[in-house]
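Student: Below are the structure tokens for one structure; questions will follow.
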4 protein chains.
Amino acid sequence: MIIAVKQGANEEEIALFAEFLEKQGVKTNVSRGVLQTVIGLVGDTSAIDAEALSAHRLVEKVIRVQEPYKRANRKFHPDDTTISVMGADGIIRRIGGGFFAVMAGPCSVETPEQIADVAEQVKKAGALFLRGGAFKPRTSPYSFQGLGVDGLELLLQAKKTTGLPVVSELMDMGDLEFFGDVDIIQIGARNMQNFSMLKELGRLKKPVLLKRGYAATVTELLMAAEYIMAGGNDQVILCERGIRTFETYTRNTLDISAIPALKRQSHLPVVVDPSHAAGLSWMVEALSKAALAAGADGLIIEVHNNPEKALCDGEQSITPSAFASLMETLRQYAALENKIL
Amino acid sequence: MIIAVKQGANEEEIALFAEFLEKQGVKTNVSRGVLQTVIGLVGDTSAIDAEALSAHRLVEKVIRVQEPYKRANRKFHPDDTTISVMGADGIIRRIGGGFFAVMAGPCSVETPEQIADVAEQVKKAGALFLRGGAFKPRTSPYSFQGLGVDGLELLLQAKKTTGLPVVSELMDMGDLEFFGDVDIIQIGARNMQNFSMLKELGRLKKPVLLKRGYAATVTELLMAAEYIMAGGNDQVILCERGIRTFETYTRNTLDISAIPALKRQSHLPVVVDPSHAAGLSWMVEALSKAALAAGADGLIIEVHNNPEKALCDGEQSITPSAFASLMETLRQYAALENKIL
Amino acid sequence: MIIAVKQGANEEEIALFAEFLEKQGVKTNVSRGVLQTVIGLVGDTSAIDAEALSAHRLVEKVIRVQEPYKRANRKFHPDDTTISVMGADGIIRRIGGGFFAVMAGPCSVETPEQIADVAEQVKKAGALFLRGGAFKPRTSPYSFQGLGVDGLELLLQAKKTTGLPVVSELMDMGDLEFFGDVDIIQIGARNMQNFSMLKELGRLKKPVLLKRGYAATVTELLMAAEYIMAGGNDQVILCERGIRTFETYTRNTLDISAIPALKRQSHLPVVVDPSHAAGLSWMVEALSKAALAAGADGLIIEVHNNPEKALCDGEQSITPSAFASLMETLRQYAALENKIL
Amino acid sequence: MIIAVKQGANEEEIALFAEFLEKQGVKTNVSRGVLQTVIGLVGDTSAIDAEALSAHRLVEKVIRVQEPYKRANRKFHPDDTTISVMGADGIIRRIGGGFFAVMAGPCSVETPEQIADVAEQVKKAGALFLRGGAFKPRTSPYSFQGLGVDGLELLLQAKKTTGLPVVSELMDMGDLEFFGDVDIIQIGARNMQNFSMLKELGRLKKPVLLKRGYAATVTELLMAAEYIMAGGNDQVILCERGIRTFETYTRNTLDISAIPALKRQSHLPVVVDPSHAAGLSWMVEALSKAALAAGADGLIIEVHNNPEKALCDGEQSITPSAFASLMETLRQYAALENKIL
């Protein structure tokens with residue numbers, strides 16, 4: 001961390017300020033220039049609050065050189081993290097570190113037939129995980145809010161039948177008891193900075209799929225992962241799902257650059273959600289291929305056996321047959337990227 | 001709600017679709033044009049899921065004419081809502097409906113002396129509410145997270161001493177038990193779409209200060225308020241605190257237009273947080289005056305007796321004397337706006 | 001300017017790099033720390049290309065401390081700039097430095113009666129300048145593009161009749177010859193970074209009203225002004241007219257913070273265009289008051305005698321009587337701000 | 001186009017309004033509902049000004065169903081446009097319609113050796129076009145502005161030597177005379193809505209590479225192309241080069257979804273500029289592959305033989321050897337997409 005000192009500060013003030021900084025556990029290195037004095041902070045600056053420092057009357061600017069996250073940081077963990085999950089069939093599915101995993105299923109679990117049918121078909125097409133929403137975050141209190149516990153039960157039934165591990169969104173830590181058999185807990189974009197929740201997730205022993213908030217920076221996503229990891233849970237899967245911009249053609253703007261950015265800065269697996277990013281089913285294939293080509297470790301895709309009648313987000317769901325065809329295409333791309341799909 | 005039907009749909013399909021729509025509790029009105037067929041939905045369309053409809057193969061576009069919120073809507077509640085809160089001194093403070101209220105205090109409660117001192121001074125200057133953070137949402141898990149329950153106690157002590165009602169942020173419904181004597185519960189920007197939380201807040205009998213998410217639209221803020229109101233709690237205060245844009249000179253961009261936009265669409269009081277919006281203490285005065293002039297019903301301002309040593313957000317806090325001077329100025333503006341300050 | 005050097009760079013490399021930097025006309029000040037070496041650049045760094053430097057293999061980060069503009073910078077010109085324009089009636093109108101000026105008129109000049117009528121009425125209400133578009137930037141090639149030279153003539157006729165100096169947009173330097181009697185040349189948001197045009201404007205001897213690009217930062221607006229000033233034309237009026245964000249309730253988002261930001265960094269007058277910012281006529285009053293309260297030096301407002309029949313932007317125009325009433329209100333606010341209106 | 005009429009409008013008013021609309025060359029189709037009256041406009045609505053209509057006192061909302069562009073619209077031109085350019089060697093290069101073309105070269109032409117060397121190397125690696133800037137748009141008036149006409153001459157010399165057709169940016173129509181031998185004229189992001197320029201480009205007989213403004217929507221980019229095409233020049237190549245968002249990790253955010261969006265709506269070729277989008281040389285490869293996978297028709301890439309010493313944008317340039325390796329990779333992806341590279 002580098003602090004540019006305001007013009008006019010005298011020697012004594014600066015010395016006192018440096019002393020104050022050293023009390024926070026770092027070494028300082030003062031460089032006095034004719035017009036500009038600079039203080040370099042050496043050591044672990046991740047606990048130093050750059051914003052608070054900026055308020056000090058001697059400070060012109062504070063510049064972070066070191067990233068503010070540690071456990072999520074590739075510098076301290078150069079190898080890719082691979083997350084392994086065993087399905088009800090005893091088979092282990094992997095994501096990250098060369099393993100490209102596709103998670104697929106309906107936006108929301110609706111009926112036993114629907115989830116069973118979709119599960120069977122996505123498995124056949126090569127999906128490694130079954131996704132399905134039971135608790136649904138909806139902008140309007142008057143919209144369908146998901147089947148809740150009943151939906152989870154249907155999802156877990158499909159897990160038993162197909163063997164596929166399941167992913168489902170947790171919206172309230174109070175519902176955690178129902179997620180015992182859910183294999184990967186999904187945290188939605190709107191809860192990415194629900195810090196109370198992140199702390200509690202740090203105490204779990206199960207993978208968390210952490211979706212990027214739609215106005216969160218790449219660094220903030222990594223800081224959210226750091227919250228979970230700081231609590232002791234290293235199994236975090238990052239998910240890019242589109243950010244909010246001025247463009248309204250797509251529901252959100254898929255930030256394709258976030259993939260290489262996250263992979264460079266962190267060792268955690270990165271998956272992409274092309275369905276929510278665009279909100280347009282016909283765009284899912286193009287974005288899925290692009291995500292793989294840009295270095296993603298997986299995809300989470302909405303598949304519905306009857307998108308027109310879907311109780312939520314039908315506009316962005318593809319059919320099982322479109323999904324099967326997409327998987328065929330992705331296998332060719334995965335081969336080029338030396339990824340196991 | 002208006003549905004533009006895709007070209008090529010035949011009479012029978014359209015009739016079946018209209019029937020399907022009517023089952024959702026609205027009347028339909030089909031208008032066949034040479035090139036364009038349009039279906040108008042008449043009745044209460046707030047429960048109709050426009051996005052789900054968009055997935056239907058006959059649908060070209062869905063356009064909402066009616067707002068998707070009801071309880072928060074000025075159309076169904078033309079008069080301004082005034083929220084009244086009695087302090088520990090038995091005096092009632094009002095916000096909305098011609099009453100302009102200023103909430104002031106430190107970003108985070110730090111020591112008994114600090115909160116007592118600030119509380120005394122902001123009261124003297126004319127603040128109607130004391131704000132102070134006990135549970136702090138911080139981007140980094142390694143930053144100071146607030147004093148928690150101890151902080152709340154110090155705040156409540158200051159409430160007793162000064163008589164001022166208090167406002168404090170609730171980050172986790174599990175902490176609600178400690179908020180019994182807190183007069184207004186603040187919900188932070190990052191929890192604006194924590195729908196589980198919003199539903200539980202709907203069951204409370206106390207005012208909620210709901211901050212706009214930093215990437216939430218005005219409509220989404222009103223929908224979040226609708227969640228709380230749909231649960232039975234009508235005492236919602238909306239808070240504009242800056243949105244995230246490409247501009248980095250200020251921490252966020254204060255959306256001054258949101259004030260007239262919210263006041264026109266809703267009867268709920270609107271307050272502005274100039275401290276978090278800009279993140280720059282020297283800008284607080286200009287933005288406070290602008291907010292009042294644009295029609296706001298109040299302000300929530302960070303005041304710290306020693307901004308340089310503040311444990312969080314010092315950069316944006318003003319001193320008690322700057323606050324007193326600001327209040328003087330605001331009184332003149334309030335007079336022009338016929339607001340009681 | 002401060003350069004954080006990458007870890008692992010050796011003494012010799014750093015010395016050579018410092019030498020290379022000094023050749024660009026600045027002094028360097030190398031501070032070697034255990035983990036971090038920092039080079040401070042002292043002197044006039046406005047010509048140093050921070051981006052180009054960032055590509056150097058020794059560079060971790062480049063941080064500007066000094067602003068990259070000089071002539072527009074308040075540091076080198078502490079007093080407010082006041083721009084004076086004499087009307088056809090021999091009376092001088094002033095803007096900046098305590099003078100608050102309102103420019104008003106139709107989005108586009110349409111007929112002799114329309115411009116004459118509006119001009120007369122806005123003058124009576126207290127406008128100091130008459131605005132009117134002859135060359136119109138339109139998103140669609142099929143929309144009305146303005147009356148061109150004929151429109152300018154009608155505007156200049158109204159100038160003669162009322163005495164008011166006139167403001168009109170120049171879209172193409174090739175049309176400059178027709179602007180001889182136009183008093184202030186307006187450069188639209190879409191041309192803010194038309195650098196060829198900015199350079200040519202630098203050679204003029206007449207005030208330029210420079211609108212902020214709808215995705216330009218405050219710093220980029222000042223750099224655009226610097227282009228004009230570097231050419232020798234110091235008469236630049238900055239105009240905030242809303243930026244593009246994710247919010248769609250208003251056409252653009254008025255960046256109210258840009259007013260204090262610009263006034264602090266620059267000595268140039270700042271005017272606000274509430275009509276284009278919101279795109280909603282009913283919001284013009286609230287935003288105008290807010291702009292004045294936040295420190296603006298003037299306003300540019302669309303007034304049309306028949307907004308419904310306006311050939312462009314009718315939705316955002318107010319009527320002459322609404323304008324007169326707004327001026328009444330603004331006078332009270334100007335008094336509070338000690339501005340001459 | 002659909003117009004939702006305000007509640008309370010009477011029959012007669014609506015009839016008069018419909019008449020007024022028909023005078024603008026469309027047929028109307030009025031549908032009176034109990035709560036909502038809707039007017040459908042049938043015919044060519046591209047010349048109807050939706051914004052102006054919105055100001056009418058009878059209008060609640062105006063909704064475009066039909067796109068506002070015609071010549072750029074795939075509906076009226078279902079087949080992909082292929083643009084063919086003959087090099088100095090008599091060989092034709094194609095872009096669009098199954099032909100994937102890579103344009104490569106330095107951000108700015110600096111010396112005869114530099115451009116000759118880069119040109120030779122990118123040709124060898126498989127680039128079909130040589131790009132090089134002579135007139136450079138720079139944010140600061142004090143930055144290197146390009147070699148101008150001398151730079152163009154060096155570029156044209158390299159064209160002769162290698163045979164490659166060349167692409168270079170035109171910033172000022174006054175410089176057009178120097179662009180006689182330039183094969184493709186590039187219009188920068190900052191001039192995308194320089195409507196005077198677009199009109200003049202419509203009179204040229206040569207391909208225009210039109211870069212998307214960094215805050216322009218996909219529709220606005222197509223409208224800008226429409227300006228050129230309406231003038232008679234159909235040879236427009238669209239270029240996605242990143243948009244401005246809140247994310248600062250990359251210089252801009254590459255809008256990967258814009259590729260399928262543009263390809264679906266328009267028949268024009270779409271190229272991607274990964275160098276400017278990210279501003280980070282190490283990210284160029286990932287983004288190039290993603291662009292191809294998402295359906296782009298080409299790439300425009302900055303290549304410099306000594307990025308550290310580049311006079312502009314060195315941070316984003318890759319070396320000739322990195323470029324050669326990238327081309328190898330792209331060939332494999334092009335094969336999967338059935339594109340000729």
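Identifiers for the structure tokens are assigned positionally: chains receive A, B, ... in sequence, residues are indexed from 1 per chain, and ligands are indexed from 1 in the order shown.
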What are the closest atom pairs, with distances in Å to one decimal, for each residue of chain B lying within 8 Å of chain C, using only C-alpha atoms, rows by chain and rising residue number, as CSV?

Tutor:
residue,atom,partner,partner_atom,distance
B:Ala215,CA,C:Phe246,CA,7.5
B:Ala216,CA,C:Glu247,CA,7.9
B:Thr217,CA,C:Glu247,CA,5.5
B:Val218,CA,C:Tyr249,CA,7.3
B:Thr245,CA,C:Thr245,CA,6.0
B:Phe246,CA,C:Ala215,CA,7.5
B:Glu247,CA,C:Thr217,CA,5.5
B:Thr248,CA,C:Thr217,CA,7.7
B:Tyr249,CA,C:Val218,CA,7.3
B:Thr250,CA,C:Ser257,CA,7.5
B:Thr253,CA,C:Asp255,CA,6.5
B:Leu254,CA,C:Ser257,CA,6.8
B:Asp255,CA,C:Thr253,CA,6.5
B:Ile256,CA,C:Ile256,CA,6.5
B:Ser257,CA,C:Leu254,CA,6.8
B:Pro260,CA,C:Met283,CA,6.8
B:Ala261,CA,C:Tyr249,CA,7.7
B:Ala278,CA,C:Ser257,CA,7.3
B:Met283,CA,C:Pro260,CA,6.8
B:Ala286,CA,C:Ala294,CA,4.5
B:Leu287,CA,C:Ala294,CA,6.1
B:Lys289,CA,C:Ala293,CA,5.6
B:Ala290,CA,C:Ala290,CA,4.0
B:Ala291,CA,C:Ala290,CA,6.6
B:Leu292,CA,C:Ala290,CA,7.7
B:Ala293,CA,C:Ala290,CA,5.1
B:Ala294,CA,C:Ala286,CA,4.5
B:Gly295,CA,C:Ala286,CA,6.9
B:Gln332,CA,C:Leu336,CA,7.5
B:Tyr333,CA,C:Tyr333,CA,7.7
B:Leu336,CA,C:Gln332,CA,7.5

Student: Using DSSP secondary structure from the backbone, list all alpha helix (DSSP H) positions within segment 86-301 of chain B, as a PyMOL selection string.

Tutor: chain B and resi 112-125+149-162+195-201+218-230+258-265+274-278+284-293

Student: May I have the residues within 6 Å of Ala55 of chain D as a short mmCIF file (atom, residue, chain, number, x, y, z; two decimals) with N, CA and C atoms, in the first residue's frame, using only C-alpha atoms and disregarding those fewer than 4 positions away in the same chain?

Tutor:
data_model
loop_
_atom_site.label_atom_id
_atom_site.label_comp_id
_atom_site.auth_asym_id
_atom_site.auth_seq_id
_atom_site.Cartn_x
_atom_site.Cartn_y
_atom_site.Cartn_z
N GLU C 308 -46.41 19.87 -27.23
CA GLU C 308 -47.01 18.71 -27.90
C GLU C 308 -46.69 18.66 -29.38
N GLY C 314 -40.16 17.19 -27.46
CA GLY C 314 -41.25 17.88 -26.79
C GLY C 314 -41.47 17.39 -25.38
N GLU C 315 -41.21 16.12 -25.16
CA GLU C 315 -41.46 15.50 -23.87
C GLU C 315 -40.73 16.21 -22.73
#

Student: Just how far from atom CA of Lys136 of chain C is atom CA of Leu152 of chain C, in Å to one decimal?

Tutor: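 Atom CA of Lys136 of chain C lies 11.5 Å from atom CA of Leu152 of chain C.
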
Student: Skipping near chain neighbours, those fewer than 3 positions away, what residues fall within 8 Å of His304 of chain D using only C-alpha atoms, listed as a list in words?

Tutor: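 My list of contacting residues is Gly105, Pro106, Cys107, Gln114, Val118, Pro307, Ala310, Gly314, Ser317, Ile318, Thr319 and Pro320 of chain D.
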
Student: Atom CA of Ala119 of chain A and atom CA of Gly163 of chain A are how many Å apart?

Tutor: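 Interatomic distance, atom CA of Ala119 of chain A to atom CA of Gly163 of chain A: 9.7 Å.
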
Student: Would you pick out the contacts of segment 322-324 of chain D at 8 Å or less, using only C-alpha atoms, so that residues sharing its chain but fewer than 3 positions from it are not included, and give the list as number ranges by chain?

Tutor: D: 122, 125-126, 303, 318-319, 327-328

Student: With only C-alpha atoms as the basis for distance, which of C:Ile340, C:Leu280, C:Val65, C:Met86 is at the shortest distance from Val166 of chain C?

Tutor: C:Met86

Student: Need to verify the contact set: segment 221-229 of chain D, 10 Å, only C-alpha atoms, exclusion of same-chain residues closer than 5 positions in sequence. Can you return it as a PyMOL selection string?

Tutor: (chain C and resi 138-142) or (chain D and resi 67-73+189+191-204+208-213+216+234-240+262+265-266+268)

Student: Could you check which of D:Gly25, D:Gly180, D:Gly98, D:Gly43 is closest to Ile2 of chain D, using only C-alpha atoms?

Tutor: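 Under the stated criterion, the closest residue is D:Gly43.
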